[in-house]
Amino acid sequence: MASPPNSPGREEAVPKPVLPSPHAPQAIIPEMSKPNHQKQTVMVRAGFGGEGQCIELISNHFTVSFKAEDHFFYQYNITVKYDDNHVVEVKSLRRKVMDKIFETHSSELGGKAFVYDGDKSLFTTGTLPKENLDLLVVLEESFPSGVPCRSPGDVSSTGIDHKRSKHSLLAKALIVEVRFATKISLTPLIMAFRGSQMEQAQDALRVLNIILRQQQAKRGCLIVKQSYFNADPVNLTDLGGGVSCCWGFHSGFCSTIGGLSLNMDVSATMIVNPGPVIDFLIKNQNVGGAKEIDWPKAKRMLKNLRIRTRHNNLEFKIIGLSPLPCNQQSFPLKVKNGILKDQTIEVTVYDYFKERHIELTWSACLPCLDVGKPKRPNYLPIELCNLIPLQHYTKALSSQQSALLADKSRQKPQERIRSITNAVENNNYDDVLLLSSGGITIDKHFTKLEGRVLNAPTLKVGDGEDSVPKNGHWNFSNKRLLNAVPIERWAIVNFSARCDLSYLSREMINCGRNKGVSINRPYTIIEENHQHIRLGPVERVEKMFEEVINRFPSPPQLLLCVLPQRKNSTIYGPWKKKNLHEMGVVTQCIAPTKITDQYLSNVLLKINSKLDGINSLLAVEVNRSIPCIRDLPTMLVGMDVSHGSPGRTDLLSVAAVVGSRNWPLISRYSAAVRTQSAKVEMIDSLYKPLSNGEDDGMMRDLFLDFYDSTAGRKPAQIIIFRDGVSESQFNQVLNIELDQVTKAFQHLGEGPLPKITIVIAQKNHHTKLFQANSRENVPPGTIVDTKIVHPRNYDFYMCSHAAMIGTAKPTHYHVLLDEIGFTPDDLQKLVFSLSYVYQRSTSATSIVAPIRYAHLAAHQMSQFINLEDFSETSSQSGSAIPEIPRLHEDVRQSMFFC
């Protein structure tokens, strides 16, 4: 059943509380009641939906059975030490030691198979002969990959640093302390299916997933979270730039309402192509040869990659490059000088290798690779170094690489099913000793389940017409926009793109006429002065705006900006900042490759939304018949946090929140955006009290916008859609972000707290839905809330869009809190309907529009500043996190992000 509409300490909301006007002088804020600090917990399932047409489905979940429900795993704490009692910190070395134990100490372990988590825990399926064991392990090999040599002068003919310490000798004794910790029962997994003992079940799930990881590690796979990849050439797709896509599979145990299941899916990751380092750099930078390489860029690209040397077959990790070329980079070398003591001389890296008959044919004038430590470099000529296989590539892909990856990733449903089936069969889980000894078996057939398909909502367009989407799509052919804003004072500016601007303006006027948009001829058309092309992006924008100001007596209504590049244009950020922050002018950027009616129609949808027009509405919005929203002022909120691109996780994160306006509508939004510390997912500026008593948080702006658009009414209900949050962070959303929303609401004056519903949307999961009796993707509106959902929590899967290419991926929605008291059907229909209110599209979106808008706002405003100039390292040095410039008052409440 649904949770009660009011949690303890929260008051009943009323329809018409009054907010102070944002334009009125600030009054003293009355003393507020303290927010509810009682810890919130994730709500239990409120029931199951029943509306919609039934559809037979299968899913990539495979049923797991237990023959012995009272089976236990035994956990032992592991400490690996050198013989001088120092603890081994290098993970790769600890793994080697544990592998050696399995080979040499089977009798002390009672012949028990075990699984090691790579850190400090070992698990067995039965007790060891003793609770406490001390085992001696001798590694009969060097391990320089864990402790790199410091310089060529310290390297013997074997490549081992004999002077570093006794820890890197050829044969090294290590001590492994094994101490019993606890036993982990599989019984909670059985209880979890009935909705209880979820926390204890997580321990058992963790052990089962560690077993899967160890199985793949023994096969030499690259492991990325719960996905596994091998170097078989058939699994590789070259993307250019020295990078390949490696195809593998995701495999993970999970608790569902239908029992324990194994979730298997096709997975992909990027890897660096193995081979000579210099070949990789030439391809990565797309240059003609080594002399053209950008070495500062190469240094960033190579950092933390591993190489194997050709002259002695040793493995090292790259930490940087030498400051000087190989034939100039010197280091101190100790040499024998007859009967005298050792003498230290300076020798270049090039001469050092030449004296040892290791010829360098072309790398003398190139930097060396530094494979040492920050204060103790170890230089190797780049000519002698090869990148090893299966190294994870973590940098951002280029637009060309992304396009090629998207093209190669388009597996049709039947192809996906076949790939997953092969992965299940090829992994032979029945032969995994730690699973079979516990009586655990895995079915090899996809889970069969019954889903439902919701009817698409009817849309209202111009002239009172209805538009009924078909297969998730609709269009404006022979139809007009619902509320078209006339475009009267506008101009076209062209940043040196090859485009017939007169033709563009004529076709845009004609397209607007067909859609009911009255468009005057452009006030002016401005071509960039060719002398300005070589200037920096900011200077080019300033020069262009000088022309705009000279030609317009007052600010224009719209500036249509033609860019020469469709993506990654350096002009985009400075141009948006100039318009939206400084001038308060609505702008639309385009980079047309071909001017067609369809292209211009899409552009007009964006422009009309930005100018406060409305392209279409849900019929239930117009009729004020949305359940639970029609009766009380309700605000819909979308939240998202955008982090640095792959490989740049030090960049500041950007948080964006959008809030609906014009209740009872749910299709109009305004946005607030702030920066925050890198890699922080929780939003920390929803409420931001200042020393003067004011609130500078994002929710304040959105509450005031709602107030302005509803004739002074506070929201009595708030529905929050939050993106990008994992299950481990649900409680933080409930007890950190919800608290901020509450405080921001209270800060604006006395009054009862609104009822709040919080829904998390996840796209980063591996559950797929397939039609049982069709080769096509599941239809838009397909929903599943049984069998493969969480055994306790309130969640469901929804595929709201039409996947025309590849295999459809549903969004996983989790309801954390529902004080409003939706029925499951009403909430699911609302979520589905919110996929049809995305104003810049004529297709249903895969995730609710408020989240899409938050993502767009974060991306667009992040262009206002160069985040690379404000990395987390600079903020940690004491400087404050830079704020994104605020929007100009003339555009602050607009849908500028469309």
# chains A, B, ... in the order shown; residues from 1 in each chain; ligands from 1

$ residues_around --residues "Thr256 in chain A" --least-positions-apart "3" --cutoff "12 Å" --atoms "only C-alpha atoms" --output "number ranges by chain"
A: 61-64, 189-195, 198, 201, 205, 253, 259-263, 447, 767, 785-796

$ write_last_selection --atoms "C-alpha atoms" --output "tab-separated table (two decimals), in the first residue's frame"
chain	number	residue	atom	x	y	z
A	61	HIS	CA	17.66	-12.34	-16.21
A	62	PHE	CA	18.48	-16.01	-15.59
A	63	THR	CA	16.95	-17.81	-12.62
A	64	VAL	CA	19.34	-19.00	-9.90
A	189	LEU	CA	18.84	-14.25	-0.16
A	190	ILE	CA	15.83	-16.52	0.20
A	191	MET	CA	14.23	-14.12	2.69
A	192	ALA	CA	14.97	-11.16	0.40
A	193	PHE	CA	12.57	-12.53	-2.19
A	194	ARG	CA	9.89	-12.06	0.43
A	195	GLY	CA	10.98	-8.48	1.08
A	198	MET	CA	17.77	-7.07	2.44
A	201	ALA	CA	21.39	-10.39	1.49
A	205	LEU	CA	25.37	-11.09	-3.23
A	253	PHE	CA	23.74	-11.53	-9.43
A	259	GLY	CA	14.02	-14.80	-6.77
A	260	LEU	CA	17.75	-14.57	-7.21
A	261	SER	CA	18.77	-14.04	-10.83
A	262	LEU	CA	21.88	-13.61	-12.90
A	263	ASN	CA	21.72	-10.54	-15.13
A	447	THR	CA	13.10	-15.13	-17.77
A	767	THR	CA	18.23	-5.12	-17.91
A	785	ASP	CA	6.69	-3.96	-12.42
A	786	THR	CA	6.75	-7.69	-11.61
A	787	LYS	CA	9.16	-10.65	-11.51
A	788	ILE	CA	12.45	-8.81	-12.30
A	789	VAL	CA	11.89	-5.76	-10.07
A	790	HIS	CA	13.22	-5.23	-6.53
A	791	PRO	CA	11.75	-7.60	-3.92
A	792	ARG	CA	10.98	-4.77	-1.48
A	793	ASN	CA	11.47	-1.32	-2.97
A	794	TYR	CA	9.00	0.49	-5.21
A	795	ASP	CA	10.44	0.34	-8.73
A	796	PHE	CA	9.45	-0.39	-12.31

$ closest_atom_pairs --of "range 630-677 of chain A" --to "range 709-713 of chain A" --cutoff "12 Å" --atoms "only C-alpha atoms" --output "JSON lines"
{"residue": "A:Leu632", "atom": "CA", "partner": "A:Arg713", "partner_atom": "CA", "distance": 10.0}
{"residue": "A:Pro633", "atom": "CA", "partner": "A:Arg713", "partner_atom": "CA", "distance": 7.3}
{"residue": "A:Thr634", "atom": "CA", "partner": "A:Arg713", "partner_atom": "CA", "distance": 10.0}
{"residue": "A:Met635", "atom": "CA", "partner": "A:Thr710", "partner_atom": "CA", "distance": 10.6}
{"residue": "A:Gly659", "atom": "CA", "partner": "A:Ser709", "partner_atom": "CA", "distance": 11.5}
{"residue": "A:Ser660", "atom": "CA", "partner": "A:Ser709", "partner_atom": "CA", "distance": 9.5}
{"residue": "A:Arg661", "atom": "CA", "partner": "A:Ser709", "partner_atom": "CA", "distance": 5.9}
{"residue": "A:Asn662", "atom": "CA", "partner": "A:Ser709", "partner_atom": "CA", "distance": 5.0}
{"residue": "A:Trp663", "atom": "CA", "partner": "A:Thr710", "partner_atom": "CA", "distance": 6.4}
{"residue": "A:Pro664", "atom": "CA", "partner": "A:Thr710", "partner_atom": "CA", "distance": 8.8}
{"residue": "A:Leu665", "atom": "CA", "partner": "A:Thr710", "partner_atom": "CA", "distance": 10.3}
{"residue": "A:Arg668", "atom": "CA", "partner": "A:Ser709", "partner_atom": "CA", "distance": 10.2}
{"residue": "A:Tyr669", "atom": "CA", "partner": "A:Ser709", "partner_atom": "CA", "distance": 10.6}
{"residue": "A:Ser670", "atom": "CA", "partner": "A:Ser709", "partner_atom": "CA", "distance": 10.8}

$ write_last_selection --atoms "C-alpha atoms" --output "short mmCIF file (atom, residue, chain, number, x, y, z; two decimals), in the first residue's frame"
data_model
loop_
_atom_site.label_atom_id
_atom_site.label_comp_id
_atom_site.auth_asym_id
_atom_site.auth_seq_id
_atom_site.Cartn_x
_atom_site.Cartn_y
_atom_site.Cartn_z
CA LEU A 632 -3.53 21.37 -5.88
CA PRO A 633 -0.72 23.61 -7.20
CA THR A 634 1.95 21.09 -8.17
CA MET A 635 5.54 21.73 -9.19
CA GLY A 659 11.11 23.48 -12.19
CA SER A 660 7.73 23.59 -13.89
CA ARG A 661 5.77 26.82 -14.26
CA ASN A 662 2.21 27.81 -15.15
CA TRP A 663 0.42 25.12 -13.12
CA PRO A 664 -1.70 23.15 -14.00
CA LEU A 665 0.65 22.79 -17.01
CA ARG A 668 6.88 24.68 -19.18
CA TYR A 669 10.11 24.90 -17.14
CA SER A 670 12.78 27.30 -15.95
#

$ select_by_dssp --residues "range 345-375 of chain A" --states "alpha helix (DSSP H)" --output "list of chain:residue names"
A:Val349, A:Tyr350, A:Asp351, A:Tyr352, A:Phe353, A:Lys354, A:Glu355

$ atom_distance --atom1 "CA of Ala456 in chain A" --atom2 "CA of Pro469 in chain A"
6.4 Å

$ residues_around --residues "Leu827 in chain A" --least-positions-apart "3" --cutoff "12 Å" --atoms "only C-alpha atoms" --output "VMD selection string"
chain A and resid 2 46 to 51 626 to 629 719 757 to 759 794 to 796 798 813 to 815 818 820 to 824 830 to 834

$ write_last_selection --atoms "C-alpha atoms" --output "JSON list (two decimals), in the first residue's frame"
[["chain", "number", "residue", "atom", "x", "y", "z"],
["A", 2, "ALA", "CA", 1.09, 3.59, -0.55],
["A", 46, "ALA", "CA", 2.86, 0.58, -2.93],
["A", 47, "GLY", "CA", 1.33, -2.05, -5.18],
["A", 48, "PHE", "CA", 1.31, -3.02, -8.84],
["A", 49, "GLY", "CA", -0.13, -1.35, -11.90],
["A", 50, "GLY", "CA", -2.90, -2.96, -13.92],
["A", 51, "GLU", "CA", -3.66, -0.62, -16.81],
["A", 626, "ILE", "CA", -4.15, 14.84, -14.48],
["A", 627, "PRO", "CA", -4.77, 12.75, -11.36],
["A", 628, "CYS", "CA", -3.29, 14.12, -8.12],
["A", 629, "ILE", "CA", -2.07, 17.26, -9.93],
["A", 719, "ILE", "CA", 7.31, 15.84, -7.67],
["A", 757, "THR", "CA", 7.22, 12.61, -4.18],
["A", 758, "ILE", "CA", 10.75, 11.60, -5.24],
["A", 759, "VAL", "CA", 11.42, 9.37, -8.25],
["A", 794, "TYR", "CA", 9.00, 0.49, -5.21],
["A", 795, "ASP", "CA", 10.44, 0.34, -8.73],
["A", 796, "PHE", "CA", 9.45, -0.39, -12.31],
["A", 798, "MET", "CA", 9.48, 1.59, -18.59],
["A", 813, "TYR", "CA", 12.40, 4.18, -12.12],
["A", 814, "HIS", "CA", 12.62, 3.99, -8.31],
["A", 815, "VAL", "CA", 10.04, 5.72, -6.11],
["A", 818, "ASP", "CA", 5.42, 9.36, -2.16],
["A", 820, "ILE", "CA", 1.24, 12.76, -2.49],
["A", 821, "GLY", "CA", -0.18, 9.23, -2.56],
["A", 822, "PHE", "CA", -0.29, 8.25, -6.23],
["A", 823, "THR", "CA", -1.75, 4.92, -7.17],
["A", 824, "PRO", "CA", 0.78, 2.81, -9.14],
["A", 830, "LEU", "CA", 2.32, 10.41, -15.35],
["A", 831, "VAL", "CA", 5.87, 9.20, -15.99],
["A", 832, "PHE", "CA", 4.87, 7.97, -19.44],
["A", 833, "SER", "CA", 3.10, 11.23, -20.24],
["A", 834, "LEU", "CA", 6.20, 13.23, -19.26]]

$ decode --residues "range 233-279 of chain A" --atoms "N, CA and C atoms" --output "PDB file, in the first residue's frame"
ATOM      1  N   PRO A 233      40.477 -11.288 -31.131  1.00  0.00           N
ATOM      2  CA  PRO A 233      40.293 -10.317 -32.222  1.00  0.00           C
ATOM      3  C   PRO A 233      38.852 -10.159 -32.688  1.00  0.00           C
ATOM      4  N   VAL A 234      38.045 -11.226 -32.575  1.00  0.00           N
ATOM      5  CA  VAL A 234      36.649 -11.120 -33.030  1.00  0.00           C
ATOM      6  C   VAL A 234      35.853 -10.179 -32.142  1.00  0.00           C
ATOM      7  N   ASN A 235      36.380  -9.858 -30.949  1.00  0.00           N
ATOM      8  CA  ASN A 235      35.678  -8.972 -30.028  1.00  0.00           C
ATOM      9  C   ASN A 235      36.090  -7.514 -30.186  1.00  0.00           C
ATOM     10  N   LEU A 236      36.982  -7.216 -31.136  1.00  0.00           N
ATOM     11  CA  LEU A 236      37.546  -5.881 -31.259  1.00  0.00           C
ATOM     12  C   LEU A 236      37.027  -5.165 -32.504  1.00  0.00           C
ATOM     13  N   THR A 237      36.729  -3.876 -32.347  1.00  0.00           N
ATOM     14  CA  THR A 237      36.352  -3.011 -33.458  1.00  0.00           C
ATOM     15  C   THR A 237      37.236  -1.775 -33.407  1.00  0.00           C
ATOM     16  N   ASP A 238      38.079  -1.593 -34.423  1.00  0.00           N
ATOM     17  CA  ASP A 238      38.996  -0.457 -34.450  1.00  0.00           C
ATOM     18  C   ASP A 238      38.207   0.823 -34.706  1.00  0.00           C
ATOM     19  N   LEU A 239      38.344   1.795 -33.794  1.00  0.00           N
ATOM     20  CA  LEU A 239      37.641   3.076 -33.925  1.00  0.00           C
ATOM     21  C   LEU A 239      38.538   4.177 -34.452  1.00  0.00           C
ATOM     22  N   GLY A 240      39.791   3.835 -34.764  1.00  0.00           N
ATOM     23  CA  GLY A 240      40.729   4.854 -35.194  1.00  0.00           C
ATOM     24  C   GLY A 240      41.332   5.571 -33.999  1.00  0.00           C
ATOM     25  N   GLY A 241      42.408   6.311 -34.243  1.00  0.00           N
ATOM     26  CA  GLY A 241      43.033   7.062 -33.163  1.00  0.00           C
ATOM     27  C   GLY A 241      43.763   6.187 -32.165  1.00  0.00           C
ATOM     28  N   GLY A 242      44.108   4.951 -32.568  1.00  0.00           N
ATOM     29  CA  GLY A 242      44.794   4.055 -31.649  1.00  0.00           C
ATOM     30  C   GLY A 242      43.899   3.419 -30.615  1.00  0.00           C
ATOM     31  N   VAL A 243      42.584   3.486 -30.847  1.00  0.00           N
ATOM     32  CA  VAL A 243      41.602   3.000 -29.870  1.00  0.00           C
ATOM     33  C   VAL A 243      40.685   1.981 -30.528  1.00  0.00           C
ATOM     34  N   SER A 244      40.325   0.942 -29.786  1.00  0.00           N
ATOM     35  CA  SER A 244      39.359  -0.050 -30.266  1.00  0.00           C
ATOM     36  C   SER A 244      38.244  -0.209 -29.247  1.00  0.00           C
ATOM     37  N   CYS A 245      37.087  -0.574 -29.758  1.00  0.00           N
ATOM     38  CA  CYS A 245      35.988  -0.983 -28.877  1.00  0.00           C
ATOM     39  C   CYS A 245      36.141  -2.484 -28.637  1.00  0.00           C
ATOM     40  N   CYS A 246      36.142  -2.871 -27.382  1.00  0.00           N
ATOM     41  CA  CYS A 246      36.250  -4.283 -27.021  1.00  0.00           C
ATOM     42  C   CYS A 246      34.890  -4.755 -26.519  1.00  0.00           C
ATOM     43  N   TRP A 247      34.347  -5.753 -27.169  1.00  0.00           N
ATOM     44  CA  TRP A 247      33.037  -6.279 -26.800  1.00  0.00           C
ATOM     45  C   TRP A 247      33.194  -7.416 -25.800  1.00  0.00           C
ATOM     46  N   GLY A 248      32.418  -7.370 -24.770  1.00  0.00           N
ATOM     47  CA  GLY A 248      32.435  -8.405 -23.752  1.00  0.00           C
ATOM     48  C   GLY A 248      31.035  -8.594 -23.205  1.00  0.00           C
ATOM     49  N   PHE A 249      30.929  -8.901 -21.932  1.00  0.00           N
ATOM     50  CA  PHE A 249      29.604  -9.117 -21.350  1.00  0.00           C
ATOM     51  C   PHE A 249      29.588  -8.645 -19.902  1.00  0.00           C
ATOM     52  N   HIS A 250      28.423  -8.211 -19.471  1.00  0.00           N
ATOM     53  CA  HIS A 250      28.160  -7.880 -18.065  1.00  0.00           C
ATOM     54  C   HIS A 250      27.544  -9.100 -17.409  1.00  0.00           C
ATOM     55  N   SER A 251      27.950  -9.369 -16.170  1.00  0.00           N
ATOM     56  CA  SER A 251      27.420 -10.521 -15.442  1.00  0.00           C
ATOM     57  C   SER A 251      27.335 -10.164 -13.972  1.00  0.00           C
ATOM     58  N   GLY A 252      26.140 -10.212 -13.411  1.00  0.00           N
ATOM     59  CA  GLY A 252      25.992  -9.874 -12.003  1.00  0.00           C
ATOM     60  C   GLY A 252      24.756 -10.497 -11.394  1.00  0.00           C
ATOM     61  N   PHE A 253      24.883 -10.987 -10.157  1.00  0.00           N
ATOM     62  CA  PHE A 253      23.738 -11.530  -9.430  1.00  0.00           C
ATOM     63  C   PHE A 253      22.914 -10.380  -8.843  1.00  0.00           C
ATOM     64  N   CYS A 254      21.611 -10.548  -8.792  1.00  0.00           N
ATOM     65  CA  CYS A 254      20.748  -9.524  -8.195  1.00  0.00           C
ATOM     66  C   CYS A 254      19.498 -10.185  -7.614  1.00  0.00           C
ATOM     67  N   SER A 255      18.980  -9.549  -6.574  1.00  0.00           N
ATOM     68  CA  SER A 255      17.743 -10.024  -5.953  1.00  0.00           C
ATOM     69  C   SER A 255      16.551  -9.397  -6.665  1.00  0.00           C
ATOM     70  N   THR A 256      15.581 -10.210  -7.021  1.00  0.00           N
ATOM     71  CA  THR A 256      14.362  -9.710  -7.646  1.00  0.00           C
ATOM     72  C   THR A 256      13.158 -10.293  -6.917  1.00  0.00           C
ATOM     73  N   ILE A 257      12.016  -9.779  -7.251  1.00  0.00           N
ATOM     74  CA  ILE A 257      10.804 -10.251  -6.605  1.00  0.00           C
ATOM     75  C   ILE A 257      10.503 -11.696  -7.005  1.00  0.00           C
ATOM     76  N   GLY A 258      11.099 -12.150  -8.122  1.00  0.00           N
ATOM     77  CA  GLY A 258      10.908 -13.524  -8.561  1.00  0.00           C
ATOM     78  C   GLY A 258      11.988 -14.471  -8.073  1.00  0.00           C
ATOM     79  N   GLY A 259      12.941 -13.962  -7.278  1.00  0.00           N
ATOM     80  CA  GLY A 259      14.018 -14.797  -6.767  1.00  0.00           C
ATOM     81  C   GLY A 259      15.368 -14.254  -7.189  1.00  0.00           C
ATOM     82  N   LEU A 260      16.408 -14.964  -6.810  1.00  0.00           N
ATOM     83  CA  LEU A 260      17.754 -14.570  -7.210  1.00  0.00           C
ATOM     84  C   LEU A 260      17.921 -14.818  -8.705  1.00  0.00           C
ATOM     85  N   SER A 261      18.543 -13.862  -9.396  1.00  0.00           N
ATOM     86  CA  SER A 261      18.765 -14.036 -10.829  1.00  0.00           C
ATOM     87  C   SER A 261      20.160 -13.561 -11.198  1.00  0.00           C
ATOM     88  N   LEU A 262      20.626 -14.060 -12.327  1.00  0.00           N
ATOM     89  CA  LEU A 262      21.882 -13.613 -12.903  1.00  0.00           C
ATOM     90  C   LEU A 262      21.536 -12.735 -14.098  1.00  0.00           C
ATOM     91  N   ASN A 263      21.967 -11.481 -14.042  1.00  0.00           N
ATOM     92  CA  ASN A 263      21.722 -10.538 -15.129  1.00  0.00           C
ATOM     93  C   ASN A 263      22.921 -10.574 -16.087  1.00  0.00           C
ATOM     94  N   MET A 264      22.669 -11.010 -17.323  1.00  0.00           N
ATOM     95  CA  MET A 264      23.722 -11.089 -18.342  1.00  0.00           C
ATOM     96  C   MET A 264      23.380 -10.152 -19.490  1.00  0.00           C
ATOM     97  N   ASP A 265      24.401  -9.444 -19.984  1.00  0.00           N
ATOM     98  CA  ASP A 265      24.146  -8.522 -21.085  1.00  0.00           C
ATOM     99  C   ASP A 265      25.421  -8.315 -21.888  1.00  0.00           C
ATOM    100  N   VAL A 266      25.257  -7.910 -23.122  1.00  0.00           N
ATOM    101  CA  VAL A 266      26.402  -7.503 -23.930  1.00  0.00           C
ATOM    102  C   VAL A 266      26.940  -6.195 -23.366  1.00  0.00           C
ATOM    103  N   SER A 267      28.248  -6.065 -23.318  1.00  0.00           N
ATOM    104  CA  SER A 267      28.865  -4.859 -22.786  1.00  0.00           C
ATOM    105  C   SER A 267      30.021  -4.454 -23.687  1.00  0.00           C
ATOM    106  N   ALA A 268      30.419  -3.205 -23.594  1.00  0.00           N
ATOM    107  CA  ALA A 268      31.520  -2.712 -24.421  1.00  0.00           C
ATOM    108  C   ALA A 268      32.350  -1.735 -23.612  1.00  0.00           C
ATOM    109  N   THR A 269      33.631  -1.712 -23.904  1.00  0.00           N
ATOM    110  CA  THR A 269      34.514  -0.722 -23.308  1.00  0.00           C
ATOM    111  C   THR A 269      35.574  -0.349 -24.332  1.00  0.00           C
ATOM    112  N   MET A 270      36.252   0.763 -24.084  1.00  0.00           N
ATOM    113  CA  MET A 270      37.296   1.198 -25.011  1.00  0.00           C
ATOM    114  C   MET A 270      38.662   0.743 -24.488  1.00  0.00           C
ATOM    115  N   ILE A 271      39.500   0.244 -25.382  1.00  0.00           N
ATOM    116  CA  ILE A 271      40.845  -0.148 -24.995  1.00  0.00           C
ATOM    117  C   ILE A 271      41.859   0.496 -25.938  1.00  0.00           C
ATOM    118  N   VAL A 272      43.079   0.616 -25.430  1.00  0.00           N
ATOM    119  CA  VAL A 272      44.184   1.130 -26.234  1.00  0.00           C
ATOM    120  C   VAL A 272      44.719  -0.003 -27.109  1.00  0.00           C
ATOM    121  N   ASN A 273      44.947   0.286 -28.379  1.00  0.00           N
ATOM    122  CA  ASN A 273      45.518  -0.739 -29.249  1.00  0.00           C
ATOM    123  C   ASN A 273      46.939  -1.066 -28.800  1.00  0.00           C
ATOM    124  N   PRO A 274      47.258  -2.348 -28.590  1.00  0.00           N
ATOM    125  CA  PRO A 274      48.614  -2.709 -28.160  1.00  0.00           C
ATOM    126  C   PRO A 274      49.620  -2.507 -29.291  1.00  0.00           C
ATOM    127  N   GLY A 275      50.905  -2.448 -28.900  1.00  0.00           N
ATOM    128  CA  GLY A 275      51.952  -2.290 -29.901  1.00  0.00           C
ATOM    129  C   GLY A 275      52.867  -1.141 -29.551  1.00  0.00           C
ATOM    130  N   PRO A 276      53.762  -0.753 -30.452  1.00  0.00           N
ATOM    131  CA  PRO A 276      54.719   0.320 -30.178  1.00  0.00           C
ATOM    132  C   PRO A 276      54.031   1.606 -29.723  1.00  0.00           C
ATOM    133  N   VAL A 277      54.561   2.192 -28.673  1.00  0.00           N
ATOM    134  CA  VAL A 277      53.972   3.420 -28.119  1.00  0.00           C
ATOM    135  C   VAL A 277      53.925   4.517 -29.171  1.00  0.00           C
ATOM    136  N   ILE A 278      54.987   4.625 -29.957  1.00  0.00           N
ATOM    137  CA  ILE A 278      55.043   5.714 -30.940  1.00  0.00           C
ATOM    138  C   ILE A 278      53.952   5.566 -31.986  1.00  0.00           C
ATOM    139  N   ASP A 279      53.630   4.319 -32.369  1.00  0.00           N
ATOM    140  CA  ASP A 279      52.553   4.100 -33.348  1.00  0.00           C
ATOM    141  C   ASP A 279      51.217   4.555 -32.770  1.00  0.00           C
TER     142      ASP A 279
END
